[in-house]
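S.K.: Handing you this structure, nothing more for now.
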Amino acid sequence: MRHLALLFVVLTLPAEEWFVAPDGNDLWSGQPSSANAAKSDGPFATLARAQQAARAARDSANGPRTITVRGGRYELTAPLIFAAEDSGTAEKPMTWRAMAGETPVISGGVRLTGFERDANGRWTLTIPAVQKGEWTFRQLWVNGERRFRPRLPKDGYHTIEAELPPSAAAQGKGFDRFRYAPGAFDPTWKNQRDIEVLTFHHWAMSRFRLQSIEPESRTVQFTGHTISNADWSGLKTGWRYLIENVAEAFGSPGEWYLDPQSGVLSYIPLPGEDLASAEVIAPRTDQLLRIDGDPAAGRFVEHLHVSGLTFAHTQWALKPEGYSFYQAEMIIPATIVATGLRDASFSNCAIIHTGGYGLELGRGCKRVAITGCLLADLSAGGIKIGDGSIHQDDTQVASHNTVRDCLVTQGGRVHPAGIGVWIGQSHHNTVEHCEISDLYYSSLSLGWTWGYGPSLGHHNTVAWCHLHHIGQGVLSDMGGIYNLGVSPGTIFHHNHIHHIESFGYGGWGLYTDEGSSNVTMEHNLVHHTTSSGFHQHYGKDNTLRNNIFAYGGEAQVMRTRDEEHLSFTLERNILLANGRPLLGSNWNGDAKKFVLNHNVYWDEDGSIDFAGKPFDEWKQKGIDAESVVADPRFVDPTKGDFTLKPDSPALALGFQPLDLRASGVRRDQANGPLAAWLAKPRSAPRVFPPKPAK
């Protein structure tokens, strides 16, 4: 009898690991990892059922609770929501993980089947939910690749023929119309309210719906207006625009068009795509995971860990009035949104094929680690930390978070001003050993205060990152690393930044914008930028030491606003030009406004001056007393090798050689989806045209 009682206790102990599989059953226990021979027990079928089981066992579990998700697709029509009751503890954490060696995909999309081939070779499918007005979508993926709607012009951009004053409805708010060149718009186009006009400003892009086309005056009117009536938000003569989702422009391989009236989706396949085997996915929901803590009420989601899962296929809906925002697309939602998440982690996950940003750590998120994750094919940017508000209660502030060994790539596919990693009013965060590439705006943006006012964007670190091929000639006024506001304790070090290309002005490597103060930038290699390796709009007491700035298109270091305080100190740096100035923009003042010393300056073309002055005259301002004009003796800088030879004059000035081979994602730290991507990188075509050749 004693043995029977012991057996009963063992059998009734709460399970601490549950399994989920596409062929599971929510009526089973969820404890076996696969179905038994009798098909009477096995894993759960849904994530929601596993969550329910883990919640029920929270108080009675003997140890950590784990939900292991088997490989396969899990389609969601609404986000999975975690609340405080989904928390673990430090001793008994709650983990959601992928089964070892398997790839579970949590998808907000639905696979479309039943296509037919029409007489023109196009694939067509009637979707009843679209026909009834119950569903629409603006994104489509075929065989794991994003496909695009028809766009005009087919190559390059249209330009605004003439700016017009805003309509009465938009007066004092923004701009909502312009005059177009002959032939750009056709008043006979069908489904005009579903046509979108993408207007490019300096550092942002607005997306409008058509209200009317007036052929007599060649005026196009939108249903909404730009976010501001400021000059930068205008619709000015000569500025660029594109027209998207025009049915009459549909005709190129890889394009698709969804007719909202008939509900017919049409797709023109690329060479080699097979109707019978193609996987075509359209999104239904804009989020997949929402973590709803309540910092104001002291309710947090804690000790929750997510590992190895792939989140894919989310939607973004354009409002009737269109979309326009100031900067960085920071109001665009993310596939995963967390509020009040603490002492938690996302590791070895993938967030791909998104409708907006990838992952957002919002209000009250603290000590969250994002490690070894892949974020790719992003409609906006990669990761957002914090928000734009200055909270007086620190429990409401996102802080002390880490992004490490992550790859953020192929961003800005719908919203080109998306940022690789955006950190707002948030402090003590670290971004290290990350690679960020193939974006149309800045790779990192820190701070959200313009000027010298209060800011929570301080003590942030960006280190050992590889930031490259940013901007790509689409937007302007950007940086490899962009900073705003007073930022004591913030440091950027050991980063490799290159190929920053703006459309117009402002393609910079390190960019301290309005009010940036007390920032340290050291041991960075910055080269091949449209404008310069470093630019300060205005700020105070910043420090640049032991950096290499090379091959800036306008200058190597730039300073804009002249203020009555010390802008920055530039010491023990190497500036290498190839026919462009060493110092650009505004160098009024003397050593009270900027300190330069122990630097090495060189121009491969031999023509060297300092803000228009010979070196000896320049030094009379009390600047660069111990600096030298000399060949720094790099091994082969034109081929990207900035290793210093032993006889480099920089070494005698105290310059410490840079070895940035460890910058970017460390391969030995990559697992799961990121490791698979690094082993076989996937290229993607550019989404927005390059800037016109001069």
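Identifiers in the structure tokens: chain A, B, ... in order shown; residue index from 1 per chain; ligand index from 1 in order shown.
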With only C-alpha atoms as the counted atoms, please give the residues lying no more than 6 Å from region 642-658 of chain A, apart from itself and same-chain residues fewer than 4 positions off, as a ChimeraX atom specification.
M.R.: /A:546,572,598,632-635,637
S.K.: Just to be explicit: take each residue in the selection above, keep C-alpha atoms, and write the result as an mmCIF file, in the first residue's frame.
M.R.:
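For reference, out.cif as written:
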```cif
data_model
loop_
_atom_site.group_PDB
_atom_site.id
_atom_site.type_symbol
_atom_site.label_atom_id
_atom_site.label_comp_id
_atom_site.auth_asym_id
_atom_site.auth_seq_id
_atom_site.Cartn_x
_atom_site.Cartn_y
_atom_site.Cartn_z
ATOM 1 C CA ASN A 546 41.912 56.947 -31.473
ATOM 2 C CA ARG A 572 45.036 60.847 -31.487
ATOM 3 C CA HIS A 598 48.123 64.483 -31.649
ATOM 4 C CA PRO A 632 49.801 57.136 -41.794
ATOM 5 C CA ARG A 633 51.244 54.058 -43.505
ATOM 6 C CA PHE A 634 48.225 51.788 -43.779
ATOM 7 C CA VAL A 635 48.776 48.401 -45.425
ATOM 8 C CA PRO A 637 43.370 51.237 -47.324
#
```
S.K.: Which residues come within 6 Å of Trp602 (chain A), counting only C-alpha atoms, excluding same-chain residues fewer than 3 positions away, as a CSV table (one decimal) with C-alpha atoms, in the first residue's frame?
M.R.:
```
chain,number,residue,atom,x,y,z
A,576,LEU,CA,42.8,60.1,-44.5
A,629,VAL,CA,50.8,65.9,-41.7
A,630,ALA,CA,52.2,62.5,-42.8
A,631,ASP,CA,51.3,59.3,-44.6
```
S.K.: Which residues are near His537 (chain A)? Cut-off 12 Å, only C-alpha atoms, ignore same chain within fewer than 4 positions. Put them as a PyMOL selection string.
M.R.: chain A and resi 450-451+477-479+482-485+506+508+510-517+542+557-563+567-568+584-586
S.K.: Could you save those same residues with C-alpha atoms as a short mmCIF file (atom, residue, chain, number, x, y, z; two decimals), in the first residue's frame?
M.R.:
```cif
data_model
loop_
_atom_site.label_atom_id
_atom_site.label_comp_id
_atom_site.auth_asym_id
_atom_site.auth_seq_id
_atom_site.Cartn_x
_atom_site.Cartn_y
_atom_site.Cartn_z
CA TRP A 450 16.47 67.81 -29.58
CA GLY A 451 18.76 70.31 -27.88
CA ASP A 477 20.65 63.41 -42.82
CA MET A 478 21.68 60.03 -41.39
CA GLY A 479 24.51 58.34 -39.55
CA TYR A 482 23.16 58.86 -34.70
CA ASN A 483 22.84 60.58 -31.29
CA LEU A 484 20.50 63.20 -29.87
CA GLY A 485 20.57 65.19 -26.66
CA GLY A 506 24.27 64.16 -44.54
CA TRP A 508 27.89 60.52 -41.88
CA LEU A 510 29.36 59.09 -36.39
CA TYR A 511 26.73 61.81 -36.10
CA THR A 512 26.17 63.84 -32.95
CA ASP A 513 23.03 65.80 -33.74
CA GLU A 514 21.17 68.45 -31.81
CA GLY A 515 22.40 68.91 -28.26
CA SER A 516 24.57 65.79 -28.18
CA SER A 517 26.88 66.26 -25.21
CA ASN A 542 32.19 65.38 -26.80
CA VAL A 557 35.41 65.58 -39.95
CA MET A 558 32.65 68.18 -40.03
CA ARG A 559 31.35 70.72 -37.52
CA THR A 560 28.27 72.83 -38.21
CA ARG A 561 27.07 75.17 -35.48
CA ASP A 562 29.47 77.57 -33.81
CA GLU A 563 28.61 77.91 -30.10
CA SER A 567 32.16 71.48 -29.11
CA PHE A 568 34.48 68.49 -28.95
CA GLY A 584 34.55 70.55 -43.51
CA SER A 585 31.81 73.06 -42.75
CA ASN A 586 32.25 75.53 -39.85
#
```
S.K.: Determine, for each residue of region 394-441 of chain A having at least one atom at most 9 Å from an atom of region 457-461 of chain A, the closest pair of atoms and their separation in Å to one decimal, counting only C-alpha atoms; order by chain and ascending number, as CSV.
M.R.:
```
residue,atom,partner,partner_atom,distance
A:His400,CA,A:Asn460,CA,8.7
A:Ile423,CA,A:Gly457,CA,7.6
A:Gly424,CA,A:Gly457,CA,6.4
A:Gln425,CA,A:Gly457,CA,4.9
A:Ser426,CA,A:Gly457,CA,4.9
A:His427,CA,A:His458,CA,4.9
A:His428,CA,A:His459,CA,4.7
A:Asn429,CA,A:Asn460,CA,4.8
A:Thr430,CA,A:Thr461,CA,4.7
A:Val431,CA,A:Thr461,CA,6.2
A:Glu432,CA,A:Thr461,CA,7.7
```
S.K.: Find the residues around Trp96 (chain A) up to 9 Å (only C-alpha atoms counted), leave out those fewer than 5 positions away in its own chain, and share them as a PyMOL selection string.
M.R.: chain A and resi 65-69+304-309
S.K.: Go ahead and save the picked residues with N, CA and C atoms, as a PDB file, in the first residue's frame.
M.R.:
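Below is the file that was written, selection.pdb:
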```
ATOM      1  N   ARG A  65       9.827  25.929 -15.462  1.00  0.00           N
ATOM      2  CA  ARG A  65       8.813  25.439 -16.400  1.00  0.00           C
ATOM      3  C   ARG A  65       9.263  25.737 -17.821  1.00  0.00           C
ATOM      4  N   THR A  66       9.048  24.776 -18.703  1.00  0.00           N
ATOM      5  CA  THR A  66       9.523  24.893 -20.074  1.00  0.00           C
ATOM      6  C   THR A  66       8.427  24.448 -21.040  1.00  0.00           C
ATOM      7  N   ILE A  67       8.232  25.240 -22.070  1.00  0.00           N
ATOM      8  CA  ILE A  67       7.382  24.837 -23.190  1.00  0.00           C
ATOM      9  C   ILE A  67       8.291  24.678 -24.394  1.00  0.00           C
ATOM     10  N   THR A  68       8.355  23.448 -24.899  1.00  0.00           N
ATOM     11  CA  THR A  68       9.214  23.130 -26.035  1.00  0.00           C
ATOM     12  C   THR A  68       8.345  22.993 -27.279  1.00  0.00           C
ATOM     13  N   VAL A  69       8.680  23.771 -28.294  1.00  0.00           N
ATOM     14  CA  VAL A  69       7.869  23.836 -29.506  1.00  0.00           C
ATOM     15  C   VAL A  69       8.569  23.061 -30.613  1.00  0.00           C
ATOM     16  N   LEU A 304      11.140  35.520 -17.896  1.00  0.00           N
ATOM     17  CA  LEU A 304      10.555  34.840 -19.052  1.00  0.00           C
ATOM     18  C   LEU A 304      11.610  34.779 -20.145  1.00  0.00           C
ATOM     19  N   HIS A 305      11.829  33.605 -20.711  1.00  0.00           N
ATOM     20  CA  HIS A 305      12.887  33.428 -21.698  1.00  0.00           C
ATOM     21  C   HIS A 305      12.323  32.759 -22.951  1.00  0.00           C
ATOM     22  N   VAL A 306      12.666  33.330 -24.097  1.00  0.00           N
ATOM     23  CA  VAL A 306      12.207  32.821 -25.388  1.00  0.00           C
ATOM     24  C   VAL A 306      13.441  32.479 -26.206  1.00  0.00           C
ATOM     25  N   SER A 307      13.519  31.251 -26.692  1.00  0.00           N
ATOM     26  CA  SER A 307      14.753  30.801 -27.347  1.00  0.00           C
ATOM     27  C   SER A 307      14.453  29.962 -28.585  1.00  0.00           C
ATOM     28  N   GLY A 308      15.111  30.307 -29.679  1.00  0.00           N
ATOM     29  CA  GLY A 308      15.110  29.460 -30.865  1.00  0.00           C
ATOM     30  C   GLY A 308      13.867  29.530 -31.720  1.00  0.00           C
ATOM     31  N   LEU A 309      12.911  30.388 -31.402  1.00  0.00           N
ATOM     32  CA  LEU A 309      11.665  30.456 -32.159  1.00  0.00           C
ATOM     33  C   LEU A 309      11.789  31.456 -33.305  1.00  0.00           C
TER      34      LEU A 309
END
```
S.K.: Could you pull out all residues of region 235-398 of chain A with a DSSP call of strand (DSSP E) and give them as a ChimeraX atom specification?
M.R.: /A:240-244,256-258,264-267,280-283,289-292,301-302,304-307,310-312,334-339,341-347,350-352,357-361,366-371,374-376,383-385
S.K.: Under the rule that only C-alpha atoms are counted, which of A:His415, A:Arg404, A:Lys691, A:Arg284 is the nearest residue to Gln472 (chain A)?
M.R.: A:Lys691
S.K.: What's the separation between CA of Ser107 (chain A) and CA of Leu198 (chain A), in Å to one decimal place?
M.R.: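 Atom-to-atom, CA of Ser107 (chain A) and CA of Leu198 (chain A) are spaced 28.1 Å apart.
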S.K.: Would you list the contacts of Trp239 (chain A) as a PyMOL selection string, taking every protein, DNA or RNA residue within 8 Å and counting only C-alpha atoms, but skipping same-chain residues closer than 5 positions in sequence?
M.R.: chain A and resi 159-160+199-201
S.K.: Residues of region 126-229 of chain A classed as alpha helix (DSSP H) by DSSP on the backbone are to be reported as a PyMOL selection string.
M.R.: chain A and resi 128-131
S.K.: By how many Å are CA of Gly504 (chain A) and CA of Ser476 (chain A) apart?
M.R.: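 Here the two named atoms are 5.4 Å from each other.
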S.K.: Rank A:Leu582, A:His528, A:Leu361, A:Asp294 by their smallest atom-to-atom distance to Phe615 (chain A), using only C-alpha atoms, and report the top residue only.
M.R.: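 Closest residue, counting only C-alpha atoms: A:Leu582.
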S.K.: To one decimal place, how far is CA of Trp448 (chain A) from CA of Phe549 (chain A) in Å?
M.R.: 26.4 Å
